[in-house]
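Text of the file run-v3.cif, holding mmCIF, C-alpha atoms and all ligand atoms:
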data_entry
#
loop_
_atom_site.label_atom_id
_atom_site.label_comp_id
_atom_site.auth_asym_id
_atom_site.auth_seq_id
_atom_site.Cartn_x
_atom_site.Cartn_y
_atom_site.Cartn_z
CA MET A 5 70.52 114.07 109.05
CA GLU A 6 70.11 111.79 106.09
CA HIS A 7 72.86 111.72 103.50
CA VAL A 8 71.95 113.55 100.29
CA SER A 9 73.53 111.66 97.41
CA VAL A 10 75.44 113.84 94.98
CA LEU A 11 75.38 113.54 91.19
CA LYS A 12 72.96 110.63 91.56
CA LYS A 13 71.40 110.70 88.12
CA GLU A 14 74.71 111.35 86.40
CA ALA A 15 76.46 108.52 88.26
CA ILE A 16 73.73 106.02 87.39
CA ASP A 17 73.56 107.15 83.74
CA TYR A 18 77.32 106.83 83.34
CA LEU A 19 77.34 103.36 84.88
CA ASN A 20 75.48 102.38 81.71
CA ILE A 21 73.58 99.70 83.61
CA LYS A 22 72.83 96.51 81.67
CA ASN A 23 70.13 94.01 82.45
CA ASP A 24 71.68 90.93 84.03
CA GLY A 25 74.80 92.85 85.05
CA ILE A 26 76.85 92.58 88.22
CA TYR A 27 77.69 95.87 89.90
CA TYR A 28 79.60 97.12 92.93
CA ASP A 29 78.91 100.24 95.01
CA ALA A 30 82.09 100.65 97.08
CA THR A 31 80.74 103.38 99.38
CA TYR A 32 77.21 102.55 100.54
CA GLY A 33 76.87 105.47 103.04
CA GLY A 34 73.14 106.29 103.18
CA GLY A 35 72.48 103.92 100.28
CA GLY A 36 71.24 106.62 97.88
CA HIS A 37 73.19 105.38 94.88
CA THR A 38 72.67 101.73 95.79
CA LYS A 39 68.87 102.15 95.87
CA GLU A 40 68.91 103.67 92.38
CA ILE A 41 70.97 100.79 90.98
CA LEU A 42 68.66 98.26 92.62
CA LYS A 43 65.69 99.71 90.70
CA ARG A 44 67.26 98.27 87.55
CA ASP A 45 67.05 94.76 86.24
CA ILE A 46 70.48 93.67 87.38
CA ILE A 47 71.52 90.31 88.82
CA THR A 48 73.58 91.36 91.80
CA LEU A 49 74.83 94.52 93.40
CA TYR A 50 77.69 94.16 95.83
CA ALA A 51 78.12 97.06 98.25
CA THR A 52 80.61 97.87 100.97
CA ASP A 53 81.05 100.40 103.76
CA LYS A 54 83.39 100.19 106.72
CA ASP A 55 81.26 102.25 109.09
CA LEU A 56 79.53 100.04 111.69
CA ASN A 57 76.58 102.45 111.83
CA VAL A 58 75.65 101.85 108.19
CA LYS A 59 72.38 99.93 107.97
CA PRO A 60 71.90 98.48 104.49
CA ILE A 61 68.41 97.95 103.12
CA GLU A 62 67.02 94.45 102.60
CA ASP A 63 66.96 93.46 98.96
CA ASN A 64 67.57 90.07 97.43
CA LYS A 65 69.75 91.55 94.70
CA LEU A 66 72.02 93.27 97.25
CA ILE A 67 75.04 91.66 98.88
CA PHE A 68 76.32 94.08 101.49
CA VAL A 69 79.74 93.48 103.03
CA LYS A 70 80.84 95.53 106.01
CA SER A 71 84.37 96.12 104.82
CA ASP A 72 87.00 98.52 103.70
CA PHE A 73 86.77 98.73 99.90
CA VAL A 74 90.46 97.88 99.42
CA GLU A 75 90.14 94.84 101.68
CA PHE A 76 87.00 93.76 99.84
CA LEU A 77 88.76 93.82 96.47
CA ASN A 78 91.69 91.91 97.98
CA ASN A 79 89.47 89.39 99.74
CA ASP A 80 89.95 85.86 98.33
CA LYS A 81 86.24 85.22 98.73
CA TYR A 82 85.38 87.87 96.12
CA LYS A 83 88.54 87.84 94.01
CA ASP A 84 87.02 86.02 91.04
CA ILE A 85 84.14 88.41 90.60
CA PHE A 86 84.33 90.82 87.66
CA PHE A 87 81.92 93.71 87.47
CA ASP A 88 79.97 95.46 84.72
CA GLY A 89 80.32 98.66 86.70
CA ILE A 90 81.89 99.96 89.88
CA LEU A 91 80.82 103.15 91.64
CA ALA A 92 82.74 104.99 94.37
CA ASP A 93 81.61 108.17 96.09
CA PHE A 94 84.54 109.14 98.30
CA GLY A 95 84.62 111.17 101.50
CA VAL A 96 82.40 111.22 104.55
CA SER A 97 78.63 110.92 104.76
CA ASN A 98 76.37 113.47 106.50
CA MET A 99 75.76 110.88 109.21
CA GLN A 100 79.48 110.83 109.93
CA ILE A 101 80.32 114.50 109.61
CA LEU A 102 77.26 115.69 111.54
CA GLY A 103 77.08 112.80 114.01
CA GLU A 104 77.54 114.28 117.48
CA ASP A 105 79.35 111.20 118.70
CA ARG A 106 81.84 110.81 115.84
CA GLY A 107 84.27 113.63 116.60
CA PHE A 108 84.49 114.68 112.93
CA SER A 109 82.95 118.09 113.34
CA PHE A 110 83.89 121.30 115.14
CA LEU A 111 80.16 122.00 115.56
CA HIS A 112 79.87 119.54 118.44
CA ASP A 113 82.19 119.17 121.40
CA TYR A 114 83.18 115.53 121.45
CA TYR A 115 86.16 113.22 121.99
CA LEU A 116 88.54 113.47 119.01
CA ASP A 117 87.62 110.28 117.18
CA MET A 118 87.13 110.78 113.39
CA ARG A 119 87.35 107.08 112.54
CA MET A 120 85.08 105.95 109.70
CA ASP A 121 85.67 102.39 110.87
CA GLN A 122 85.02 102.28 114.61
CA THR A 123 87.07 99.08 114.99
CA GLN A 124 90.25 100.75 113.76
CA GLU A 125 92.90 101.56 116.39
CA LEU A 126 94.25 104.88 115.12
CA ASP A 127 92.01 107.82 115.97
CA ALA A 128 92.32 111.60 115.83
CA HIS A 129 93.10 111.76 119.56
CA TYR A 130 96.23 109.71 118.99
CA VAL A 131 97.33 111.78 115.97
CA VAL A 132 96.79 115.10 117.75
CA ASN A 133 98.48 114.05 121.00
CA ASN A 134 101.33 111.86 119.77
CA TYR A 135 102.56 113.02 116.36
CA SER A 136 105.57 115.33 116.38
CA SER A 137 105.11 118.93 115.34
CA GLU A 138 106.94 118.10 112.05
CA GLU A 139 104.55 115.24 111.35
CA LEU A 140 101.55 117.42 112.16
CA PHE A 141 102.93 120.19 109.96
CA ILE A 142 103.28 117.83 106.97
CA ILE A 143 99.77 116.44 107.38
CA ILE A 144 98.10 119.82 107.85
CA LYS A 145 100.01 121.29 104.92
CA LYS A 146 99.48 118.36 102.57
CA TYR A 147 95.97 117.17 103.43
CA GLY A 148 94.56 120.52 104.59
CA GLU A 149 96.42 122.73 102.11
CA GLU A 150 96.65 125.08 105.09
CA LYS A 151 98.81 128.21 104.84
CA PHE A 152 99.33 128.38 108.59
CA ALA A 153 100.27 124.70 108.97
CA SER A 154 103.49 125.37 110.83
CA ARG A 155 101.93 127.71 113.42
CA ILE A 156 98.99 125.39 113.91
CA ALA A 157 101.20 122.32 114.36
CA ASN A 158 103.23 124.14 117.01
CA SER A 159 100.11 125.38 118.75
CA ILE A 160 98.68 121.85 118.88
CA VAL A 161 101.87 120.58 120.51
CA ARG A 162 101.88 123.49 123.02
CA ASN A 163 98.25 122.91 123.98
CA ARG A 164 98.45 119.16 124.60
CA PRO A 165 96.71 117.25 126.00
CA ILE A 166 93.89 117.97 123.54
CA ASP A 167 90.98 115.64 124.15
CA THR A 168 88.02 117.17 122.35
CA THR A 169 87.04 118.83 119.10
CA PHE A 170 86.49 122.21 120.82
CA GLN A 171 89.96 122.05 122.40
CA LEU A 172 91.44 121.44 118.94
CA VAL A 173 89.51 124.41 117.54
CA ASP A 174 90.89 126.52 120.40
CA ALA A 175 94.46 125.50 119.63
CA VAL A 176 93.95 126.52 115.98
CA LYS A 177 92.21 129.80 116.86
CA GLN A 178 95.14 130.86 119.02
CA VAL A 179 97.26 131.21 115.87
CA LYS A 180 94.75 131.70 113.04
CA LYS A 181 91.94 134.24 112.86
CA SER A 182 88.57 133.67 111.20
CA ASN A 183 88.57 134.98 107.65
CA LYS A 184 86.00 137.30 106.15
CA LYS A 185 83.89 134.48 104.72
CA ASN A 186 83.26 133.33 108.27
CA ILE A 187 84.62 129.86 107.66
CA ASN A 188 85.78 128.21 110.85
CA PRO A 189 89.60 128.62 110.93
CA ALA A 190 89.96 124.97 111.94
CA THR A 191 88.19 123.63 108.80
CA GLN A 192 91.37 122.65 106.95
CA THR A 193 93.03 121.25 110.07
CA PHE A 194 90.02 119.01 110.73
CA GLN A 195 90.02 117.83 107.10
CA ALA A 196 93.74 117.05 107.29
CA ILE A 197 93.51 115.05 110.50
CA ARG A 198 90.48 113.14 109.22
CA ILE A 199 92.34 112.20 106.03
CA GLU A 200 95.32 111.02 108.07
CA VAL A 201 93.21 108.98 110.52
CA ASN A 202 91.39 107.17 107.72
CA GLN A 203 94.34 107.10 105.30
CA GLU A 204 91.86 108.34 102.75
CA LEU A 205 94.17 109.25 99.87
CA LYS A 206 96.24 106.08 100.04
CA LYS A 207 93.00 104.06 100.11
CA ILE A 208 91.75 105.84 97.00
CA GLU A 209 94.95 105.08 95.08
CA ASP A 210 94.89 101.41 96.08
CA PHE A 211 91.19 101.13 95.38
CA LEU A 212 91.42 102.59 91.86
CA ASP A 213 94.32 100.28 90.92
CA LEU A 214 92.37 97.24 92.08
CA ALA A 215 88.99 98.33 90.74
CA VAL A 216 90.18 99.06 87.19
CA ASN A 217 91.40 95.47 86.98
CA ARG A 218 88.11 94.03 88.15
CA LEU A 219 85.95 95.39 85.36
CA LYS A 220 84.63 93.27 82.54
CA LYS A 221 85.30 94.43 78.99
CA GLY A 222 83.20 97.56 78.50
CA GLY A 223 82.71 97.85 82.26
CA ARG A 224 82.84 101.30 83.78
CA LEU A 225 84.47 102.79 86.85
CA VAL A 226 82.46 105.83 87.99
CA VAL A 227 84.13 107.92 90.66
CA ILE A 228 82.81 110.91 92.59
CA SER A 229 85.35 112.90 94.56
CA PHE A 230 84.73 115.66 97.00
CA HIS A 231 87.85 117.77 97.06
CA SER A 232 90.73 118.59 94.79
CA LEU A 233 93.17 116.24 96.55
CA GLU A 234 90.93 113.28 95.74
CA ASP A 235 90.08 114.46 92.23
CA ARG A 236 93.74 114.95 91.33
CA ILE A 237 94.45 111.30 92.19
CA VAL A 238 91.51 110.08 90.10
CA LYS A 239 92.44 112.28 87.14
CA TRP A 240 96.09 111.13 87.01
CA ARG A 241 95.32 107.50 87.68
CA PHE A 242 92.86 107.47 84.75
CA ILE A 243 95.48 109.07 82.46
CA GLU A 244 97.94 106.37 83.54
CA TYR A 245 95.42 103.57 82.87
CA LYS A 246 94.71 104.91 79.38
CA LYS A 247 98.35 105.12 78.30
CA ASP A 248 99.88 102.39 76.19
CA CYS A 249 103.62 102.25 75.44
CA ILE A 250 105.57 104.53 77.78
CA CYS A 251 109.01 103.86 76.24
CA PRO A 252 111.25 106.84 75.43
CA LYS A 253 110.35 108.20 71.98
CA ASP A 254 113.79 107.39 70.47
CA LEU A 255 113.55 103.66 71.28
CA PRO A 256 112.92 101.76 68.01
CA VAL A 257 110.89 98.93 69.57
CA CYS A 258 108.66 98.92 72.60
CA SER A 259 110.19 97.30 75.64
CA CYS A 260 107.80 98.43 78.35
CA ASP A 261 104.90 96.04 77.65
CA LYS A 262 102.44 98.65 78.92
CA VAL A 263 99.04 98.30 77.31
CA SER A 264 96.14 100.68 77.55
CA LEU A 265 93.43 99.48 79.93
CA GLY A 266 90.72 101.58 78.35
CA ASN A 267 89.34 105.03 77.74
CA ILE A 268 88.51 108.08 79.75
CA ILE A 269 84.83 108.79 79.06
CA THR A 270 84.72 112.19 80.77
CA ARG A 271 87.29 114.47 79.15
CA LYS A 272 86.40 117.04 81.78
CA PRO A 273 84.86 116.01 85.10
CA LEU A 274 81.10 116.37 85.53
CA THR A 275 79.96 118.74 88.25
CA PRO A 276 76.51 119.23 89.85
CA SER A 277 73.84 121.06 87.85
CA GLU A 278 72.41 124.43 88.93
CA ASP A 279 69.31 122.61 90.20
CA GLU A 280 71.36 120.23 92.34
CA LEU A 281 73.44 123.12 93.71
CA LYS A 282 70.25 124.92 94.74
CA LEU A 283 68.93 121.87 96.57
CA ASN A 284 72.29 120.84 98.04
CA PRO A 285 74.86 123.66 98.10
CA LYS A 286 77.31 121.31 99.82
CA SER A 287 77.62 119.37 96.55
CA ARG A 288 79.49 122.28 94.91
CA SER A 289 82.93 120.68 95.08
CA ALA A 290 81.85 117.24 93.79
CA LYS A 291 83.40 115.95 90.57
CA LEU A 292 82.56 112.82 88.63
CA ARG A 293 84.99 110.99 86.34
CA VAL A 294 84.44 107.82 84.32
CA PHE A 295 86.82 105.22 82.92
CA GLU A 296 85.77 102.38 80.60
CA ARG A 297 87.68 99.12 80.18
CA ILE A 298 88.55 97.72 76.78
C1 LIG B 1 80.00 110.17 100.65
S1 LIG B 1 79.54 108.73 101.51
C2 LIG B 1 78.71 107.76 100.31
C3 LIG B 1 77.27 108.15 100.13
C4 LIG B 1 76.46 107.22 99.25
N1 LIG B 1 76.96 107.18 97.89
C5 LIG B 1 75.01 107.62 99.24
O1 LIG B 1 74.47 107.96 98.18
O2 LIG B 1 74.38 107.62 100.32
C6 LIG B 1 81.05 107.87 101.69
C7 LIG B 1 80.95 106.57 102.45
O3 LIG B 1 82.12 105.82 102.12
C8 LIG B 1 82.56 105.12 103.25
N2 LIG B 1 83.99 104.88 103.07
C9 LIG B 1 84.98 105.77 102.97
N3 LIG B 1 86.17 105.18 102.82
C10 LIG B 1 85.91 103.84 102.80
C11 LIG B 1 86.73 102.70 102.65
N4 LIG B 1 88.07 102.79 102.52
N5 LIG B 1 86.13 101.48 102.64
C12 LIG B 1 84.78 101.36 102.79
N6 LIG B 1 83.95 102.42 102.95
C13 LIG B 1 84.52 103.65 102.95
C14 LIG B 1 82.26 106.05 104.40
O4 LIG B 1 82.16 105.31 105.59
C15 LIG B 1 80.96 106.70 103.97
O5 LIG B 1 79.85 106.03 104.51
#

Would you mind writing the file's structure down as structure tokens?
Ligand SMILES: C[S@@+](CC[C@H](N)C(=O)[O-])C[C@H]1O[C@@H](n2cnc3c(N)ncnc32)[C@H](O)[C@@H]1O
Amino acid sequence: MEHVSVLKKEAIDYLNIKNDGIYYDATYGGGGHTKEILKRDIITLYATDKDLNVKPIEDNKLIFVKSDFVEFLNNDKYKDIFFDGILADFGVSNMQILGEDRGFSFLHDYYLDMRMDQTQELDAHYVVNNYSSEELFIIIKKYGEEKFASRIANSIVRNRPIDTTFQLVDAVKQVKKSNKKNINPATQTFQAIRIEVNQELKKIEDFLDLAVNRLKKGGRLVVISFHSLEDRIVKWRFIEYKKDCICPKDLPVCSCDKVSLGNIITRKPLTPSEDELKLNPKSRSAKLRVFERI
């Protein structure tokens, strides 16, 4: 159940790794990207992951911090470090999604957990059993892009208490049939609840805003996203970072003081090659975008 790193070669190439550089891999996961970076002649690679199950490799160039990536970048201890490159590969790892005791997957019947960070209080069980039907509707609609969000939210409330993943699937199946492609009808609901539990989209926004300001001149932020909700955030944040003056066009002198932070290196996002898709069909929705500081 090892994690298969996506866009590994592309991510490392775009980091433009320099000898003697200092790098940061925000999402260690199975360490696939980290191990590639460590093969280079760098000084230090910082890495973070908030999952207690993550076991980093031993390497004297690696400083692994068990931490949320937003907290790491806000941590006074590391606040003066500027990086030659920062990599983030968002989403869940195979170990998490397929782990029988994590409650992320509808393939195993388990307590509704879905926390990436096992020390966090909020879990899926709380969301499913305590949020109002309106709150559930908004989450399932927004984070699951689910057409039947309203019906599903009502069904969840009607079926409470819901303790396990299979009970949640049942509640969804009562109001939504399997489609022709044989995708589990609860797929989008599970994605939505997972995003809510881990506050994934808010974390990505905060992370990008911090990370772009922690790059050295010429340093690169390389970001891999796994679904359109994540990629949209990355795309628009990068456009925002690139912009200089945002004053109305008819203003004779600039009064906004906005300066461009750098350039978008990938005009269109990179996606996995045919070869990668053959080896790892699950990588099909991955997108890589790169921003370079000036
Ligand atoms: C897709 S995996 C990364 C895989 C890794 N690049 C590799 O090649 O093995 C995403 C990882 O990011 C971690 N993660 C997600 N959000 C995080 C956050 N806010 N702070 C720290 N780690 C996070 C997850 O726990 C998970 O292990």

May I have the residues within 12 Å of region 113-117 of chain A as number ranges by chain, using all atoms listed in the file and disregarding those fewer than 6 positions away in the same chain?
-> A: 100-107, 123-133, 165-174, 194, 197-198, 200-202

Determine, for each residue of region 48-163 of chain A having at least one atom at most 9 Å from an atom of region 34-37 of chain A, the closest pair of atoms and their separation in Å to one decimal, counting all atoms listed in the file; order by chain and ascending number, as a tab-separated table.
residue	atom	partner	partner_atom	distance
A:Val58	CA	A:Gly34	CA	7.1
A:Lys59	CA	A:Gly34	CA	8.0
A:Pro60	CA	A:Gly35	CA	6.9
A:Ile61	CA	A:Gly35	CA	7.8
A:Leu91	CA	A:His37	CA	8.6
A:Asp93	CA	A:His37	CA	9.0
A:Ser97	CA	A:Gly34	CA	7.4
A:Asn98	CA	A:Gly34	CA	8.5
A:Met99	CA	A:Gly34	CA	8.0

Atom pair CA of Thr52 (chain A) / CA of Phe242 (chain A): separation (Å) =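 Pair CA of Thr52 (chain A) / CA of Phe242 (chain A) returns 22.5 Å.
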
Mind listing as a PyMOL selection string all residues within 8 Å of (82.9, 94.5, 87.3), counting only C-alpha atoms?
-> chain A and resi 26-28+85-90+215+218-220+223-224

Check which residues of chain A sit at most 8 Å from ligand LIG 1 (chain B) using only C-alpha atoms and all ligand atoms, and return one row each with the closest pair of atoms and their distance in Å to one decimal, ordered by chain and rising number, as a tab-separated table.
residue	atom	partner	partner_atom	distance
A:His7	CA	B:LIG1	O2	5.4
A:Val8	CA	B:LIG1	O2	6.4
A:Ser9	CA	B:LIG1	O1	3.9
A:Val10	CA	B:LIG1	O1	6.8
A:Lys12	CA	B:LIG1	O1	7.3
A:Asp29	CA	B:LIG1	N1	7.8
A:Ala30	CA	B:LIG1	C12	6.4
A:Thr31	CA	B:LIG1	O3	3.9
A:Tyr32	CA	B:LIG1	C4	4.9
A:Gly33	CA	B:LIG1	O5	3.4
A:Gly34	CA	B:LIG1	O2	3.4
A:Gly35	CA	B:LIG1	O2	4.2
A:Gly36	CA	B:LIG1	O1	3.5
A:His37	CA	B:LIG1	O1	4.4
A:Thr38	CA	B:LIG1	O1	6.9
A:Thr52	CA	B:LIG1	C12	5.7
A:Asp53	CA	B:LIG1	N6	3.6
A:Lys54	CA	B:LIG1	C12	4.3
A:Asp55	CA	B:LIG1	O4	4.7
A:Val58	CA	B:LIG1	O5	7.0
A:Lys70	CA	B:LIG1	C12	7.7
A:Ser71	CA	B:LIG1	C12	5.6
A:Asp72	CA	B:LIG1	N5	3.3
A:Phe73	CA	B:LIG1	N5	3.9
A:Val74	CA	B:LIG1	N4	6.3
A:Glu75	CA	B:LIG1	N5	7.8
A:Ala92	CA	B:LIG1	N1	7.1
A:Asp93	CA	B:LIG1	N1	5.1
A:Phe94	CA	B:LIG1	C6	5.0
A:Gly95	CA	B:LIG1	C1	4.8
A:Val96	CA	B:LIG1	C6	4.6
A:Ser97	CA	B:LIG1	S1	4.0
A:Asn98	CA	B:LIG1	S1	7.6
A:Met99	CA	B:LIG1	O5	7.9
A:Gln100	CA	B:LIG1	O5	7.2
A:Met120	CA	B:LIG1	O4	5.1
A:Asp121	CA	B:LIG1	O4	7.0
A:Asn202	CA	B:LIG1	N3	7.4
A:Glu204	CA	B:LIG1	N3	6.5
A:Lys207	CA	B:LIG1	N4	5.6
A:Ile208	CA	B:LIG1	N4	7.3
A:Phe211	CA	B:LIG1	N4	8.0

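Counting from CA of Ser289 (chain A), the distance to CA of Lys181 (chain A) is 24.1 Å.
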
Selected residue, from A:Thr275, A:Ser154, A:Asn57, A:Gln195, that lies nearest to Gln122 (chain A) when counting all atoms listed in the file =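 Answer, going by the shortest atom-to-atom distance: A:Asn57.
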
What's the 12 Å shell around region 247-252 of chain A, counting all atoms listed in the file, without same-chain residues fewer than 3 positions away, as JSON, numbers by chain?
-> {"A": [240, 241, 242, 243, 244, 255, 256, 257, 258, 259, 260, 261, 262, 263, 264, 265, 266, 267, 268]}

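Note that the spacing between CA of Glu278 (chain A) and CA of Met5 (chain A) amounts to 22.7 Å.
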
Nearest candidate to Ile47 (chain A) (options A:Glu14, A:Glu62, A:Asp24, A:Glu296; using all atoms listed in the file) |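 For Ile47 (chain A), the nearest of the given residues is A:Asp24.
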
Write out as a list in words each polymer residue whose atoms come within 12 Å of Thr270 (chain A), counting all atoms listed in the file; drop sequence neighbours fewer than 6 positions from it.
-> Glu14, Ala15, Tyr18, Arg224, Leu225, Val226, Val227, Val238, Lys239, Phe242, Ile243, Lys291, Leu292, Arg293, Val294, Phe295 and Glu296 of chain A

Would you list the contacts of region 136-141 of chain A as an MDAnalysis selection string, taking every protein, DNA or RNA residue within 12 Å and counting all atoms listed in the file, but skipping same-chain residues closer than 2 positions in sequence?
-> chainID A and resid 128 130:134 143:164 193:194 196:197 200:201
